[in-house]
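Peer 1: Below you'll find the structure I mean.
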Number of protein chains: 2
Amino acid sequence: MARPAKIESSALHRKLSDVFRDVGYEGASLALLSEATGLQRASLYHRFPGGKEQMALEVMTGAEQWLGEHILAPLASDAPPEARIRAMIRGLDDFYSGGRQACLLNMLSSPRADRGPFARLIRNALKAWIEALAALLSEAGFDAETARFRAERAVALVQGSLVLARGMDTTRPFRNCLANLERELLAPRSDGAPAPTSA
Amino acid sequence: MARPAKIESSALHRKLSDVFRDVGYEGASLALLSEATGLQRASLYHRFPGGKEQMALEVMTGAEQWLGEHILAPLASDAPPEARIRAMIRGLDDFYSGGRQACLLNMLSSPRADRGPFARLIRNALKAWIEALAALLSEAGFDAETARFRAERAVALVQGSLVLARGMDTTRPFRNCLANLERELLAPRSDGAPAPTSA
DNA sequence: GTCTATAGTAAGATAGAC
DNA sequence: GTCTATCTTACTATAGAC
């Protein structure tokens, strides 16, 4: 080919995402992003005139889209609850590469100063996820309080298992987490009251 | 006072720790650390000739010491299991300021390149915590597998609830987590097998 | 659309006065 | 022990050729 090939946008986003998930926003220098994508810094600025912040924003937006399609949509389908939860679990296993990749929602929540354009995106994504799960649990017969409590706990468990997986350098916590999610979410609420704090 | 006062070491560590917990290692610039401590950069280098890395290492070491004294020691005491768990929970609530402060184990696990002097400390701290909890649960009558599984899940839950608290800008997930820890840890294992993955 | 080359700025770190 | 002043490096970002 005569002129330089335009690197495909989706592949580019993917590679940028990998860097942010690995080293976080502040740790992701343009040198690193350039190396990971195979594009020179100037080329990155051509695609993202807003610089690093725009890259992170687009990556984050892409992740939200992925969340909507592969997690929220299955949770809201008309399949039986067990099937919907299993679909979510497959999505999670895929998204986090079985526990080998961290979560943007965690890795991008530090950029301080204005505390960033990311804060809103992150908050919304977490809320949407929790609410979709809670809606499913309500539909499955749990009272609203229990549904909300279990949903929030499940999301926390996924995030925490990723923190452990990263910190202990093993995917086991994440695999354990996924392996038990369905059972824990749908377990009959006999075993003591969940007792969520109201405020 | 004639000569400049020596700022107390413990207070200094505390302030440095706050910065690292807030913005992570890469985000913690010397300008930020200087501002937070009230010391000029050169003064920080006088105390920490190894620069930022030494600061983070000492902060991390201090946190490990705190973990040993306020979490691991109570877990290994000769009080009844419920009391030991409650002591841990009080320690956690204090350490994380009720969910307002993030965990160093999460915030310092990104520094890449060599992946750092932090990796070992973090891994050890997480393992020690999980093992202390598992030992308590074994002692409380649970089989080794269940004890290990619940211990790891509890630590993941704490970490994850901190991620959520940070991301959603509310301490509720963390408070919920602590409020239910004792019950979840000591619940009779009637409700379906925990089914941990072996490897 | 990609590159090389280069501004301009903020980072980590030192030297030496007090 | 703390400071001001400075060095060096790495970073973000831009200019302009191809």
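Every chain in the structure tokens takes a letter, A first, then B, and so on in the order presented; its residues are numbered from 1, and the ligands are numbered from 1 following the presented order.
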Set the distance at 10 Å and use only C-alpha atoms (C1' of nucleotides): which residues neighbour DA15 in chain D once local chain neighbours fewer than 4 positions away are removed? I'd like the list as a list in words.
Peer 2: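 These residues fall inside the cut-off: DA5, DT6 and DA7 of chain C.
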Peer 1: Report as a list of chain:residue names all protein, DNA and RNA residues lying within 12 Å of DA10 in chain C, evaluated on only C-alpha atoms (C1' of nucleotides), omitting residues in the same chain fewer than 3 positions from it.
Peer 2: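 My reading of the contact set: B:Ser29, B:Leu30, B:Ala31, D:DT9, D:DA10, D:DC11, D:DT12.
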Peer 1: Residues of chain B near chain C: apply a cut-off of 10 Å, count only C-alpha atoms (C1' of nucleotides), and supply the list as a list in words.
Peer 2: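 The selection requested is Arg3, Ser29, Leu30, Ala31, Arg41, Ala42, Tyr45, Pro49, Gly50, Gly51 and Lys52 of chain B.
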Peer 1: With 9 Å as the limit and counting only C-alpha atoms, what residues in chain A lie close to chain B? Please list them as a VMD selection string.
Peer 2: chain A and resid 22 to 27 105 to 107 109 to 112 119 to 120 122 to 124 126 to 127 149 152 to 164 166 to 169 172 to 173 175 to 177 179 to 180 183 187 to 188 190 to 192 194 to 199
Peer 1: Of the candidates B:Ser34, B:Leu181, B:Gln40, B:His70, which one gets nearest to chain D if we count only C-alpha atoms (C1' of nucleotides)?
Peer 2: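 Result for the nearest residue to chain D: B:Gln40.
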Peer 1: Please identify the helix (DSSP H, G or I) residues within range 2-199 of chain B (assignment by DSSP from backbone atoms) and present them as a PyMOL selection string.
Peer 2: chain B and resi 9-27+30-37+41-47+51-75+81-95+97-99+104-107+116-139+144-168+172-186
Peer 1: For chain D versus chain B, which residues have an atom no more than 10 Å away, and what is each residue's nearest atom pair and distance in Å rounded to one decimal, using only C-alpha atoms (C1' of nucleotides), chain-then-number order, as a Markdown table?
Peer 2:
| residue | atom | partner | partner_atom | distance |
| --- | --- | --- | --- | --- |
| D:DG1 | C1' | B:Lys6 | CA | 6.2 |
| D:DT2 | C1' | B:Ser43 | CA | 6.0 |
| D:DC3 | C1' | B:Gln40 | CA | 7.5 |
| D:DT4 | C1' | B:Ala42 | CA | 9.7 |
Peer 1: In Å, how far is it from CA of Glu139 in chain B to CA of Pro81 in chain B?
Peer 2: 8.2 Å
